[in-house]
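Participant: Structure: model-v5.cif, mmCIF, C-alpha atoms and all ligand atoms.
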```
data_model
#
loop_
_atom_site.label_atom_id
_atom_site.label_comp_id
_atom_site.auth_asym_id
_atom_site.auth_seq_id
_atom_site.Cartn_x
_atom_site.Cartn_y
_atom_site.Cartn_z
CA MET A 1 175.31 140.62 111.74
CA ASN A 2 177.40 140.96 114.90
CA ILE A 3 177.40 137.60 116.75
CA ASN A 4 178.31 137.76 120.44
CA PRO A 5 179.95 134.70 122.01
CA ILE A 6 177.68 132.78 124.41
CA VAL A 7 179.72 131.54 127.36
CA ILE A 8 177.40 130.90 130.28
CA GLY A 9 178.08 130.94 134.01
CA MET A 10 175.35 129.29 136.10
CA ILE A 11 174.53 130.81 139.50
CA GLY A 12 172.54 128.20 141.43
CA ALA A 13 172.63 124.43 141.16
CA GLY A 14 169.10 123.41 142.13
CA PHE A 15 165.81 122.68 140.37
CA SER A 16 165.73 125.49 137.81
CA ALA A 17 169.50 125.33 137.11
CA THR A 18 168.98 121.67 136.19
CA PHE A 19 166.21 122.28 133.67
CA HIS A 20 168.14 125.24 132.25
CA VAL A 21 171.30 123.22 131.63
CA GLU A 22 169.31 120.32 130.17
CA ASN A 23 167.53 122.68 127.78
CA TYR A 24 170.63 124.65 126.70
CA ARG A 25 171.61 121.30 125.22
CA ARG A 26 168.53 121.58 122.97
CA VAL A 27 169.33 125.03 121.57
CA PRO A 28 170.04 124.56 117.86
CA GLY A 29 172.44 126.45 115.62
CA ILE A 30 174.23 128.54 118.27
CA ASP A 31 177.73 127.91 119.45
CA LEU A 32 177.17 128.09 123.20
CA ARG A 33 179.23 126.84 126.09
CA ILE A 34 178.20 126.43 129.72
CA LYS A 35 181.53 127.10 131.33
CA GLY A 36 180.87 126.74 135.03
CA VAL A 37 178.71 127.06 138.10
CA THR A 38 178.64 128.52 141.57
CA ALA A 39 176.12 127.85 144.34
CA ARG A 40 175.67 128.50 148.02
CA SER A 41 177.58 125.35 148.90
CA GLN A 42 180.75 124.28 147.10
CA GLU A 43 179.64 120.61 147.40
CA SER A 44 176.39 121.11 145.50
CA ALA A 45 178.14 123.20 142.82
CA THR A 46 180.81 120.50 142.43
CA ALA A 47 178.18 117.74 142.18
CA PHE A 48 176.22 119.81 139.62
CA ALA A 49 179.34 120.43 137.53
CA ALA A 50 180.18 116.72 137.55
CA GLU A 51 176.64 115.69 136.61
CA HIS A 52 176.40 118.16 133.74
CA ASN A 53 179.99 117.98 132.59
CA LEU A 54 180.92 121.62 133.33
CA GLU A 55 184.60 122.49 133.46
CA THR A 56 184.70 125.10 136.25
CA VAL A 57 183.34 125.38 139.78
CA TYR A 58 183.63 128.94 141.06
CA PRO A 59 184.05 129.35 144.84
CA THR A 60 181.99 132.56 144.85
CA VAL A 61 179.68 134.64 142.69
CA GLU A 62 182.44 137.30 142.55
CA ALA A 63 184.89 134.75 141.09
CA LEU A 64 182.36 133.89 138.38
CA PHE A 65 181.77 137.56 137.54
CA ALA A 66 185.54 138.10 137.39
CA ASP A 67 185.94 135.48 134.65
CA ASP A 68 186.25 137.57 131.45
CA GLU A 69 185.35 134.60 129.29
CA ILE A 70 181.84 134.45 130.78
CA THR A 71 179.53 136.64 128.70
CA VAL A 72 176.16 135.50 130.13
CA VAL A 73 175.15 134.79 133.72
CA ASP A 74 172.13 132.62 134.37
CA LEU A 75 170.47 133.44 137.71
CA CYS A 76 168.78 130.27 139.04
CA VAL A 77 168.76 131.48 142.63
CA PRO A 78 166.04 132.37 145.16
CA ASN A 79 164.01 135.45 144.32
CA TYR A 80 165.62 137.78 146.89
CA LEU A 81 168.93 137.43 145.02
CA HIS A 82 167.63 138.42 141.58
CA TYR A 83 167.97 142.15 142.28
CA PRO A 84 171.52 142.31 143.75
CA LEU A 85 172.93 139.80 141.27
CA THR A 86 171.32 141.57 138.30
CA ILE A 87 172.85 144.90 139.35
CA GLN A 88 176.24 143.23 139.90
CA ALA A 89 176.08 141.34 136.58
CA ALA A 90 174.99 144.40 134.59
CA GLU A 91 177.81 146.45 136.07
CA ALA A 92 180.26 143.68 135.21
CA GLY A 93 179.02 143.95 131.60
CA LYS A 94 177.46 140.45 131.56
CA HIS A 95 174.24 139.63 129.76
CA ILE A 96 171.64 138.20 132.13
CA ILE A 97 169.17 135.33 132.04
CA CYS A 98 167.07 135.50 135.21
CA GLU A 99 164.38 133.18 136.51
CA LYS A 100 160.94 134.48 137.46
CA PRO A 101 159.72 136.50 139.31
CA LEU A 102 161.80 139.62 138.61
CA THR A 103 162.18 140.78 142.21
CA GLY A 104 159.90 141.75 145.13
CA TYR A 105 159.84 143.11 148.66
CA PHE A 106 162.01 141.11 151.06
CA GLY A 107 162.20 143.33 154.16
CA ASP A 108 165.70 143.67 155.55
CA GLY A 109 166.25 139.96 154.79
CA GLY A 110 167.07 139.27 158.42
CA GLU A 111 163.82 138.21 159.95
CA THR A 112 160.60 136.54 159.11
CA LEU A 113 157.92 139.04 158.14
CA VAL A 114 155.25 137.29 160.24
CA GLY A 115 153.31 139.89 162.22
CA ARG A 116 154.89 142.65 160.14
CA GLU A 117 153.71 146.24 160.27
CA THR A 118 154.68 146.95 156.69
CA SER A 119 151.67 147.67 154.49
CA ARG A 120 151.30 146.06 151.12
CA ARG A 121 151.46 149.52 149.53
CA THR A 122 154.91 150.11 151.08
CA MET A 123 155.95 146.70 149.77
CA PHE A 124 154.56 147.57 146.31
CA GLU A 125 156.50 150.83 146.16
CA ALA A 126 159.77 149.27 147.37
CA ALA A 127 159.47 146.28 145.01
CA LEU A 128 158.66 148.48 142.03
CA LYS A 129 161.59 150.77 142.85
CA ALA A 130 163.89 147.73 142.85
CA ALA A 131 162.41 146.56 139.52
CA ASP A 132 162.91 150.01 138.00
CA GLU A 133 166.53 150.03 139.20
CA MET A 134 167.03 146.68 137.46
CA VAL A 135 165.56 148.09 134.22
CA ASP A 136 167.85 151.11 134.57
CA ALA A 137 171.00 149.04 135.30
CA VAL A 138 170.37 146.89 132.24
CA LYS A 139 169.88 149.93 129.98
CA ARG A 140 172.77 151.93 131.41
CA ASN A 141 175.23 149.08 130.95
CA GLY A 142 173.96 148.10 127.50
CA VAL A 143 173.46 144.45 128.38
CA THR A 144 170.60 142.13 127.38
CA PHE A 145 168.29 140.94 130.15
CA CYS A 146 166.18 137.85 129.46
CA TYR A 147 163.28 137.38 131.88
CA GLY A 148 162.62 133.67 132.41
CA GLU A 149 158.84 133.57 131.90
CA ASN A 150 158.43 130.25 130.14
CA TRP A 151 154.65 130.76 129.57
CA VAL A 152 155.60 133.38 126.97
CA HIS A 153 157.56 130.72 125.10
CA ALA A 154 155.25 127.73 125.65
CA PRO A 155 154.30 126.44 122.17
CA SER A 156 150.56 126.64 122.96
CA ILE A 157 150.79 130.34 124.00
CA GLN A 158 152.84 131.17 120.91
CA LYS A 159 150.27 129.35 118.76
CA ALA A 160 147.44 131.26 120.49
CA ASN A 161 149.24 134.52 119.68
CA ASP A 162 149.61 133.44 116.02
CA ILE A 163 145.90 132.56 115.76
CA LEU A 164 144.82 135.85 117.35
CA ALA A 165 147.06 137.76 114.93
CA GLN A 166 145.36 136.34 111.83
CA SER A 167 142.27 138.57 112.01
CA ASP A 168 140.94 141.74 113.60
CA ASN A 169 140.38 139.87 116.85
CA THR A 170 139.74 141.25 120.36
CA ILE A 171 140.76 139.31 123.45
CA LEU A 172 137.71 139.90 125.65
CA ARG A 173 138.58 137.66 128.56
CA ILE A 174 141.46 135.43 129.61
CA ILE A 175 141.11 132.87 132.38
CA ALA A 176 144.37 131.30 133.54
CA GLU A 177 145.74 129.31 136.45
CA GLU A 178 148.92 127.87 137.82
CA SER A 179 148.40 125.56 140.78
CA HIS A 180 149.92 122.47 142.35
CA SER A 181 150.27 120.81 145.75
CA GLY A 182 153.09 123.01 147.03
CA SER A 183 156.59 124.14 146.12
CA HIS A 184 159.56 121.79 146.66
CA SER A 185 161.67 124.74 147.85
CA ASP A 186 161.67 126.00 151.45
CA TYR A 187 162.63 129.44 150.08
CA ALA A 188 159.09 129.68 148.65
CA LYS A 189 157.53 129.49 152.12
CA GLU A 190 158.99 132.67 153.57
CA TRP A 191 158.29 136.12 152.21
CA ARG A 192 161.81 137.38 153.05
CA TYR A 193 163.19 134.99 150.40
CA SER A 194 160.28 134.67 147.98
CA GLY A 195 158.75 138.17 148.01
CA GLY A 196 155.24 136.71 148.08
CA GLY A 197 153.14 133.56 148.17
CA ALA A 198 151.18 131.63 145.58
CA LEU A 199 149.59 134.75 144.09
CA TYR A 200 153.00 136.10 143.09
CA ASN A 201 155.26 133.09 142.76
CA LYS A 202 152.81 130.97 140.82
CA GLY A 203 150.50 133.74 139.59
CA CYS A 204 153.39 135.48 137.81
CA HIS A 205 153.20 132.73 135.15
CA PRO A 206 149.55 133.14 134.10
CA VAL A 207 149.87 136.93 134.50
CA GLY A 208 152.97 136.76 132.28
CA GLY A 209 151.22 134.75 129.56
CA THR A 210 148.20 137.07 129.75
CA LEU A 211 150.17 140.34 129.52
CA TYR A 212 152.20 138.92 126.63
CA LEU A 213 149.01 138.19 124.63
CA LYS A 214 147.35 141.56 125.43
CA TYR A 215 150.59 143.48 124.77
CA ASN A 216 150.89 141.81 121.36
CA GLU A 217 147.24 142.56 120.57
CA GLY A 218 147.92 146.22 121.39
CA GLN A 219 151.05 146.32 119.22
CA ARG A 220 149.06 144.94 116.27
CA LYS A 221 146.14 147.32 116.71
CA TYR A 222 147.59 150.54 118.09
CA GLY A 223 151.39 150.16 117.86
CA LYS A 224 151.61 150.03 121.69
CA PRO A 225 150.74 147.46 124.38
CA ILE A 226 147.27 147.24 125.95
CA LYS A 227 148.28 147.60 129.60
CA PRO A 228 146.58 146.61 132.87
CA LYS A 229 144.71 149.57 134.42
CA SER A 230 143.37 148.06 137.66
CA VAL A 231 143.25 144.90 139.73
CA VAL A 232 141.05 143.38 142.47
CA ALA A 233 142.16 140.35 144.46
CA GLU A 234 141.72 137.98 147.39
CA VAL A 235 144.24 135.72 149.12
CA ALA A 236 143.87 132.92 151.69
CA ASN A 237 145.86 130.46 153.77
CA LEU A 238 143.86 127.29 153.25
CA THR A 239 146.50 125.01 154.80
CA HIS A 240 146.14 126.96 158.06
CA ILE A 241 142.44 126.18 158.59
CA GLU A 242 141.71 123.93 161.56
CA SER A 243 140.09 121.00 159.77
CA PHE A 244 143.06 120.70 157.41
CA VAL A 245 145.63 121.10 160.17
CA ASN A 246 143.93 118.33 162.19
CA GLU A 247 143.97 115.76 159.39
CA ASP A 248 146.54 112.99 159.91
CA GLU A 249 147.60 112.13 156.36
CA LYS A 250 148.55 115.03 154.09
CA TRP A 251 149.50 115.19 150.43
CA ILE A 252 149.38 118.97 150.19
CA LYS A 253 152.56 120.72 151.40
CA GLU A 254 152.36 122.64 154.67
CA GLY A 255 154.68 125.02 156.46
CA TRP A 256 153.88 128.31 154.70
CA LYS A 257 155.26 130.80 157.21
CA ASP A 258 153.97 134.16 156.02
CA CYS A 259 153.01 133.46 152.40
CA GLU A 260 149.47 132.78 151.20
CA ASP A 261 148.77 129.40 149.58
CA TRP A 262 145.87 130.61 147.39
CA GLY A 263 145.16 133.83 145.53
CA SER A 264 142.89 135.08 142.77
CA MET A 265 142.78 138.38 140.92
CA ILE A 266 140.77 140.10 138.22
CA ILE A 267 142.81 142.42 136.00
CA THR A 268 141.07 145.09 133.93
CA PHE A 269 142.98 146.38 130.90
CA ASP A 270 143.07 149.82 129.25
CA ASP A 271 140.53 148.61 126.69
CA ASP A 272 138.15 147.40 129.49
CA THR A 273 138.78 143.71 128.75
CA ILE A 274 139.54 141.39 131.65
CA ALA A 275 141.68 138.51 132.88
CA GLN A 276 140.84 136.18 135.76
CA ILE A 277 143.98 134.70 137.29
CA THR A 278 144.18 132.06 140.00
CA ALA A 279 147.26 130.57 141.63
CA SER A 280 147.59 128.13 144.50
CA ASP A 281 149.63 125.58 146.39
CA ILE A 282 146.66 123.45 147.43
CA VAL A 283 145.77 121.48 144.28
CA LEU A 284 146.31 117.71 144.05
CA GLY A 285 146.64 115.74 140.83
CA GLY A 286 149.80 117.30 139.38
CA ILE A 287 150.56 120.78 138.17
CA GLN A 288 147.75 122.79 136.49
CA ASN A 289 149.11 125.25 133.93
CA VAL A 290 146.18 126.35 131.79
CA LEU A 291 145.18 129.52 129.96
CA THR A 292 142.00 130.04 127.92
CA VAL A 293 141.44 133.02 125.64
CA TYR A 294 137.84 134.06 124.89
CA SER A 295 138.20 136.43 121.98
CA SER A 296 135.69 138.01 119.61
CA LYS A 297 136.46 135.42 116.92
CA ALA A 298 137.92 132.39 118.72
CA VAL A 299 138.22 130.35 121.88
CA VAL A 300 141.77 129.11 122.43
CA GLN A 301 142.57 126.77 125.30
CA CYS A 302 146.27 126.32 126.09
CA ASN A 303 146.79 123.14 128.12
CA ILE A 304 150.45 123.64 128.91
CA ASN A 305 150.21 120.95 131.58
CA PRO A 306 148.27 118.65 131.87
CA ASN A 307 147.34 117.75 128.35
CA THR A 308 146.25 114.62 126.55
CA GLY A 309 149.36 114.29 124.38
CA MET A 310 149.75 110.83 125.94
CA LEU A 311 147.63 108.70 128.27
CA THR A 312 149.03 105.77 130.21
CA TYR A 313 147.48 103.19 132.52
CA THR A 314 149.32 100.90 134.93
CA PRO A 315 147.78 98.91 137.81
CA ASN A 316 150.63 99.99 140.11
CA ASP A 317 153.62 102.26 139.73
CA HIS A 318 156.25 99.49 140.00
CA VAL A 319 155.50 98.68 136.37
CA LEU A 320 156.93 102.09 135.41
CA GLY A 321 160.39 101.61 136.90
CA ASP A 322 161.83 105.09 137.27
CA THR A 323 159.85 106.63 134.40
CA TYR A 324 158.88 110.27 134.92
CA ILE A 325 155.18 110.92 134.32
CA ARG A 326 154.34 114.55 135.01
CA GLU A 327 155.25 117.37 137.42
CA LYS A 328 154.08 116.85 140.99
CA VAL A 329 151.62 113.96 140.51
CA GLU A 330 151.17 112.21 143.85
CA THR A 331 150.92 108.76 142.24
CA ARG A 332 151.97 107.35 138.89
CA ALA A 333 149.47 104.45 138.98
CA GLY A 334 146.08 104.32 137.23
CA TRP A 335 145.20 106.41 134.20
CA GLN A 336 147.70 109.25 133.79
CA LEU A 337 147.98 112.36 131.64
CA THR A 338 151.57 111.43 130.94
CA ASN A 339 153.64 114.17 129.36
CA PRO A 340 155.99 112.77 126.72
CA ASP A 341 158.10 115.96 126.70
CA GLU A 342 157.13 118.25 129.55
CA ASP A 343 160.03 120.65 129.01
CA TRP A 344 158.91 121.19 125.42
CA MET A 345 155.28 121.90 126.42
CA ASN A 346 156.60 124.25 129.14
CA GLY A 347 158.54 126.14 126.48
CA PHE A 348 161.95 125.68 128.13
CA PRO A 349 163.91 124.82 124.94
CA HIS A 350 162.10 127.61 123.07
CA GLU A 351 162.83 130.10 125.86
CA LEU A 352 166.55 129.38 125.98
CA THR A 353 166.79 129.36 122.18
CA ASP A 354 165.15 132.80 122.05
CA PHE A 355 167.42 134.09 124.85
CA CYS A 356 170.63 132.79 123.25
CA GLU A 357 169.63 134.15 119.83
CA ALA A 358 168.68 137.51 121.37
CA ILE A 359 172.06 137.81 123.10
CA ALA A 360 174.01 136.51 120.10
CA CYS A 361 172.32 138.94 117.71
CA GLY A 362 171.84 141.90 120.06
CA ARG A 363 168.04 141.97 119.71
CA PRO A 364 165.47 142.07 122.56
CA PRO A 365 164.16 138.69 123.79
CA LYS A 366 160.43 137.88 123.70
CA SER A 367 160.31 138.10 127.51
CA THR A 368 161.98 141.30 128.70
CA VAL A 369 162.92 142.98 131.97
CA GLU A 370 160.05 145.45 131.34
CA LEU A 371 157.55 142.56 131.13
CA GLY A 372 158.89 141.18 134.43
CA ARG A 373 158.49 144.64 135.96
CA ASP A 374 154.85 144.96 134.81
CA ILE A 375 154.02 141.45 136.12
CA LEU A 376 155.43 142.53 139.48
CA ALA A 377 153.32 145.71 139.48
CA VAL A 378 150.11 143.75 138.76
CA CYS A 379 150.78 141.10 141.42
CA TYR A 380 151.86 143.58 144.11
CA GLY A 381 148.86 145.74 143.18
CA ALA A 382 146.77 142.60 143.77
CA TYR A 383 148.30 142.29 147.24
CA ILE A 384 147.22 145.86 148.07
CA SER A 385 143.70 144.99 146.92
CA ALA A 386 143.62 141.80 149.00
CA GLU A 387 144.71 143.79 152.06
CA THR A 388 142.38 146.78 151.63
CA GLY A 389 139.40 145.11 149.95
CA GLU A 390 139.50 147.80 147.25
CA ARG A 391 140.18 147.91 143.53
CA VAL A 392 143.73 149.16 142.90
CA ASP A 393 144.37 151.64 140.11
CA LEU A 394 147.55 150.65 138.28
CA SER A 395 147.51 153.28 135.54
CA GLU A 396 150.09 155.61 137.11
CA TRP A 397 152.53 152.68 137.50
CA MET A 398 152.27 151.41 133.94
N1 LIG B 401 160.16 128.86 135.42
C1 LIG B 401 159.79 127.94 136.29
O1 LIG B 401 158.90 127.16 136.02
C2 LIG B 401 160.50 127.83 137.61
C3 LIG B 401 160.40 126.64 138.34
C4 LIG B 401 161.05 126.58 139.56
C5 LIG B 401 161.79 127.65 140.06
N2 LIG B 401 161.85 128.79 139.32
C6 LIG B 401 162.61 129.95 139.85
O2 LIG B 401 163.98 129.60 139.92
C7 LIG B 401 164.62 130.27 141.01
C8 LIG B 401 165.36 129.23 141.86
O3 LIG B 401 164.43 128.28 142.32
P1 LIG B 401 164.83 126.73 142.41
O4 LIG B 401 163.54 125.98 142.45
O5 LIG B 401 165.85 126.38 141.41
O6 LIG B 401 165.47 126.73 143.89
P2 LIG B 401 166.43 125.64 144.51
O7 LIG B 401 166.28 125.80 145.98
O8 LIG B 401 166.21 124.31 143.89
O9 LIG B 401 167.90 126.14 144.05
C9 LIG B 401 168.40 127.40 144.45
C10 LIG B 401 169.91 127.44 144.17
O10 LIG B 401 170.40 128.72 144.50
C11 LIG B 401 171.64 128.58 145.17
N3 LIG B 401 171.91 129.73 146.03
C12 LIG B 401 171.21 130.14 147.12
N4 LIG B 401 171.79 131.22 147.66
C13 LIG B 401 172.90 131.49 146.89
C14 LIG B 401 173.92 132.47 146.96
N5 LIG B 401 173.92 133.40 147.92
N6 LIG B 401 174.89 132.45 146.01
C15 LIG B 401 174.90 131.50 145.04
N7 LIG B 401 173.95 130.53 144.95
C16 LIG B 401 172.98 130.52 145.87
C17 LIG B 401 171.48 127.30 145.99
O11 LIG B 401 172.76 126.79 146.32
C18 LIG B 401 170.70 126.43 145.01
O12 LIG B 401 171.60 125.73 144.18
C19 LIG B 401 163.52 130.99 141.77
O13 LIG B 401 163.54 132.35 141.42
C20 LIG B 401 162.23 130.35 141.26
O14 LIG B 401 161.13 131.25 141.26
C21 LIG B 401 161.23 128.89 138.11
#
```
Let me see the structure of the file written as structure tokens.
Ligand SMILES: NC(=O)c1ccc[n+]([C@@H]2O[C@H](COP(=O)([O-])OP(=O)(O)OC[C@H]3O[C@@H](n4cnc5c(N)ncnc54)[C@H](O)[C@@H]3O)[C@@H](O)[C@H]2O)c1
Facilitator:
Amino acid sequence: MNINPIVIGMIGAGFSATFHVENYRRVPGIDLRIKGVTARSQESATAFAAEHNLETVYPTVEALFADDEITVVDLCVPNYLHYPLTIQAAEAGKHIICEKPLTGYFGDGGETLVGRETSRRTMFEAALKAADEMVDAVKRNGVTFCYGENWVHAPSIQKANDILAQSDNTILRIIAEESHSGSHSDYAKEWRYSGGGALYNKGCHPVGGTLYLKYNEGQRKYGKPIKPKSVVAEVANLTHIESFVNEDEKWIKEGWKDCEDWGSMIITFDDDTIAQITASDIVLGGIQNVLTVYSSKAVVQCNINPNTGMLTYTPNDHVLGDTYIREKVETRAGWQLTNPDEDWMNGFPHELTDFCEAIACGRPPKSTVELGRDILAVCYGAYISAETGERVDLSEWM
């Protein structure tokens, strides 16, 4: 077996770069090295390198790409940079690990898209063109692209897939949601950086887990994926309504410029089965990452987060010192669905292990650029539906 060296250059030094570096440390049996980092500011890259014991801080992305020792670039940057950096990395012959979502429509990048004239269909076509160019650049340059959809790798989703594979089982309906009280990142609040609101940026996770399970069912039954054929959707801006705006104390994040904070879609697949997906930035009580499969022979509920792996009670949160409880809980006091290893339940160590093994051995990862592209098509199709009020036929795009 031909083993490629894994020498990683991190692009980005924020939230996702942190959980990536922490979870590379949990990849077993592969000789990997995180050589260095670059970020928008030299200060944050330097601080990140010091915290995580990385030897090199690159002044620019170009300097990182020019380092021949780097074989893999890890894109932990805002969504609007996934496309240009993927093209650049592929052309430099680097393997790519890229955070979700794949790409999107970002306008000319210069101005807010508030009050825009651009229709959602124009956005869909431009975003899909960019995604297809990414697929093409990866193929043309013979590099491996690993799409960072951790729901594919979450142990509960993998176990669901195993259970469904044991018998002649039909997934009839999936209901899945990712919601919390609002992103920490200001990039998420403006379409020109994020390429969408909750429906895309959060919804890409449950859509990703859902497509992965249906694609695998199709491979088992017909030797090809069962693909989405249409989508209907609604979106809303619930933090813009008057009664919420007028409240004095707020726990839910505000400030969404031109991105929706709630969205829901129904996907119909080639085999006429369905998935109901919801995503939002208006839910208190910590992150909700849940997916339930109703199949012909089983019900499988994947409680990625929260789950009852551990319950804790404290009368106030001082008792806990600086203990981490769970993503985005507003309080740590009282009874808590404490997560003893949130990264593990999220599938982060599994994801990076699969990616490093895929690159080292020259095999495809479980979560591919093509999967990222299809997730984009479903979510942008959902935006057309939310705008027009009509069901959107996806078959010609799949
Ligand atoms: N899988 C998940 O659960 C998950 C969770 C959070 C974020 N993400 C994804 O990770 C990506 C980054 O989000 P984040 O939360 O880490 O954001 P962040 O704001 O915490 O960090 C973004 C980083 O990108 C760097 N950056 C910005 N512009 C740059 C440029 N031109 N050149 C080099 N570096 C630049 C910034 O310096 C910063 O270090 C997004 O695509 C997001 O969707 C995924």
Participant: Please check which protein, DNA or RNA residues sit within 9 Å of ligand LIG 401 (chain B), counting all atoms listed in the file, and write them as a short mmCIF file (atom, residue, chain, number, x, y, z; two decimals) with C-alpha atoms, in the frame of the given file.
Facilitator:
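Contents of part.cif, freshly written:
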```
data_model
loop_
_atom_site.label_atom_id
_atom_site.label_comp_id
_atom_site.auth_asym_id
_atom_site.auth_seq_id
_atom_site.Cartn_x
_atom_site.Cartn_y
_atom_site.Cartn_z
CA ILE A 11 174.53 130.81 139.50
CA GLY A 12 172.54 128.20 141.43
CA ALA A 13 172.63 124.43 141.16
CA GLY A 14 169.10 123.41 142.13
CA PHE A 15 165.81 122.68 140.37
CA SER A 16 165.73 125.49 137.81
CA ALA A 17 169.50 125.33 137.11
CA THR A 18 168.98 121.67 136.19
CA PHE A 19 166.21 122.28 133.67
CA THR A 38 178.64 128.52 141.57
CA ALA A 39 176.12 127.85 144.34
CA ARG A 40 175.67 128.50 148.02
CA SER A 41 177.58 125.35 148.90
CA GLN A 42 180.75 124.28 147.10
CA SER A 44 176.39 121.11 145.50
CA ALA A 45 178.14 123.20 142.82
CA PHE A 48 176.22 119.81 139.62
CA THR A 60 181.99 132.56 144.85
CA VAL A 61 179.68 134.64 142.69
CA LEU A 75 170.47 133.44 137.71
CA CYS A 76 168.78 130.27 139.04
CA VAL A 77 168.76 131.48 142.63
CA PRO A 78 166.04 132.37 145.16
CA ASN A 79 164.01 135.45 144.32
CA TYR A 80 165.62 137.78 146.89
CA LEU A 81 168.93 137.43 145.02
CA HIS A 82 167.63 138.42 141.58
CA LEU A 85 172.93 139.80 141.27
CA CYS A 98 167.07 135.50 135.21
CA GLU A 99 164.38 133.18 136.51
CA LYS A 100 160.94 134.48 137.46
CA PRO A 101 159.72 136.50 139.31
CA LEU A 102 161.80 139.62 138.61
CA THR A 103 162.18 140.78 142.21
CA GLY A 148 162.62 133.67 132.41
CA GLU A 149 158.84 133.57 131.90
CA ASN A 150 158.43 130.25 130.14
CA TRP A 151 154.65 130.76 129.57
CA SER A 183 156.59 124.14 146.12
CA HIS A 184 159.56 121.79 146.66
CA SER A 185 161.67 124.74 147.85
CA ASP A 186 161.67 126.00 151.45
CA TYR A 187 162.63 129.44 150.08
CA ALA A 188 159.09 129.68 148.65
CA SER A 194 160.28 134.67 147.98
CA ASN A 201 155.26 133.09 142.76
CA LYS A 202 152.81 130.97 140.82
CA HIS A 205 153.20 132.73 135.15
CA ASN A 346 156.60 124.25 129.14
CA PHE A 348 161.95 125.68 128.13
#
```
Participant: Using Å and a single decimal, report how far CA of Glu357 (chain A) sits from CA of Val57 (chain A).
Facilitator: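 That distance, rounded to one decimal, is 25.7 Å.
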Participant: Can you check which parts of region 65-175 of chain A lie within 10 Å of region 274-277 of chain A? Per residue, the shortest pair of atoms and distance in Å to one decimal, counting only C-alpha atoms, sorted by chain and number, as JSON lines.
Facilitator:
```
{"residue": "A:Ile171", "atom": "CA", "partner": "A:Ile274", "partner_atom": "CA", "distance": 8.5}
{"residue": "A:Leu172", "atom": "CA", "partner": "A:Ile274", "partner_atom": "CA", "distance": 6.4}
{"residue": "A:Arg173", "atom": "CA", "partner": "A:Ile274", "partner_atom": "CA", "distance": 4.9}
{"residue": "A:Ile174", "atom": "CA", "partner": "A:Ala275", "partner_atom": "CA", "distance": 4.5}
{"residue": "A:Ile175", "atom": "CA", "partner": "A:Gln276", "partner_atom": "CA", "distance": 4.7}
```
Participant: Skip Lys129 (chain A) itself and residues of its chain fewer than 4 positions away, then list as a list in words all residues within 10 Å of it, counting all atoms listed in the file.
Facilitator: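 In the requested form, the answer reads Gly104, Tyr105, Met123, Phe124, Glu125, Glu133, Met134, Val135 and Arg373 of chain A.
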Participant: Please produce a file of the residues just selected, as a short mmCIF file (atom, residue, chain, number, x, y, z; two decimals), in the frame of the given file, where the atoms kept are C-alpha atoms.
Facilitator:
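Just written: result_0.cif:
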```cif
data_model
loop_
_atom_site.label_atom_id
_atom_site.label_comp_id
_atom_site.auth_asym_id
_atom_site.auth_seq_id
_atom_site.Cartn_x
_atom_site.Cartn_y
_atom_site.Cartn_z
CA GLY A 104 159.90 141.75 145.13
CA TYR A 105 159.84 143.11 148.66
CA MET A 123 155.95 146.70 149.77
CA PHE A 124 154.56 147.57 146.31
CA GLU A 125 156.50 150.83 146.16
CA GLU A 133 166.53 150.03 139.20
CA MET A 134 167.03 146.68 137.46
CA VAL A 135 165.56 148.09 134.22
CA ARG A 373 158.49 144.64 135.96
#
```
Participant: Would you work out the distance separating CA of Cys379 (chain A) from CA of Ala160 (chain A), expressed in Å to one decimal?
Facilitator: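 If I compute the distance from CA of Cys379 (chain A) to CA of Ala160 (chain A), I get 23.4 Å.
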Participant: Expressed in Å to a single decimal, how great is the separation between CA of Val37 (chain A) and CA of Gly9 (chain A)?
Facilitator: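 About the pair CA of Val37 (chain A) and CA of Gly9 (chain A): they are 5.7 Å apart.
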Participant: Of the candidates A:Phe269, A:Trp262, A:Tyr212, A:Phe355, which shows the shortest atom-to-atom distance to Val283 (chain A), using only C-alpha atoms?
Facilitator: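 Once distances to Val283 (chain A) are computed over only C-alpha atoms, the minimum belongs to A:Trp262.
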Participant: Select, from A:Met10, A:Ala137, A:Ile70, A:Ala360, the residue with the minimum atom-to-atom distance to His52 (chain A), counting all atoms listed in the file.
Facilitator: A:Met10
Participant: Using only C-alpha atoms, which of the listed residues (A:Glu177, A:Ile241, A:Tyr83, A:Cys361) sits closest to Leu128 (chain A)?
Facilitator: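 Selected residue with least distance to Leu128 (chain A): A:Tyr83.
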Participant: Please write out, as lines of an AutoDock Vina configuration file, where the centre of an axis-aligned box around all listed atoms of region 103-109 of chain A lies and how long its edges are, in Å to one decimal, after adding 3 Å on each side.
Facilitator:
```
center_x = 163.0
center_y = 141.8
center_z = 148.9
size_x = 12.4
size_y = 9.7
size_z = 19.3
```
Participant: Identify which of the residues A:Leu54, A:Trp256, A:Ile267, A:Lys297 lies closest to Gln166 (chain A), counting all atoms listed in the file when measuring atom-to-atom distances.
Facilitator: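 So, comparing all the options, the nearest one is A:Lys297.
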Participant: Which of these, A:Val21, A:Ile30, A:Ala236, A:Leu337, has the shortest distance to Gln288 (chain A) once you count only C-alpha atoms?
Facilitator: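 The shortest atom-to-atom distance to Gln288 (chain A) comes from A:Leu337.
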Participant: Might you pull out every residue within 12 Å of Asp341 (chain A), with all atoms listed in the file counted and same-chain residues fewer than 4 positions away left off, and present them as a PyMOL selection string?
Facilitator: chain A and resi 23+304-310+324-327+337+345-349
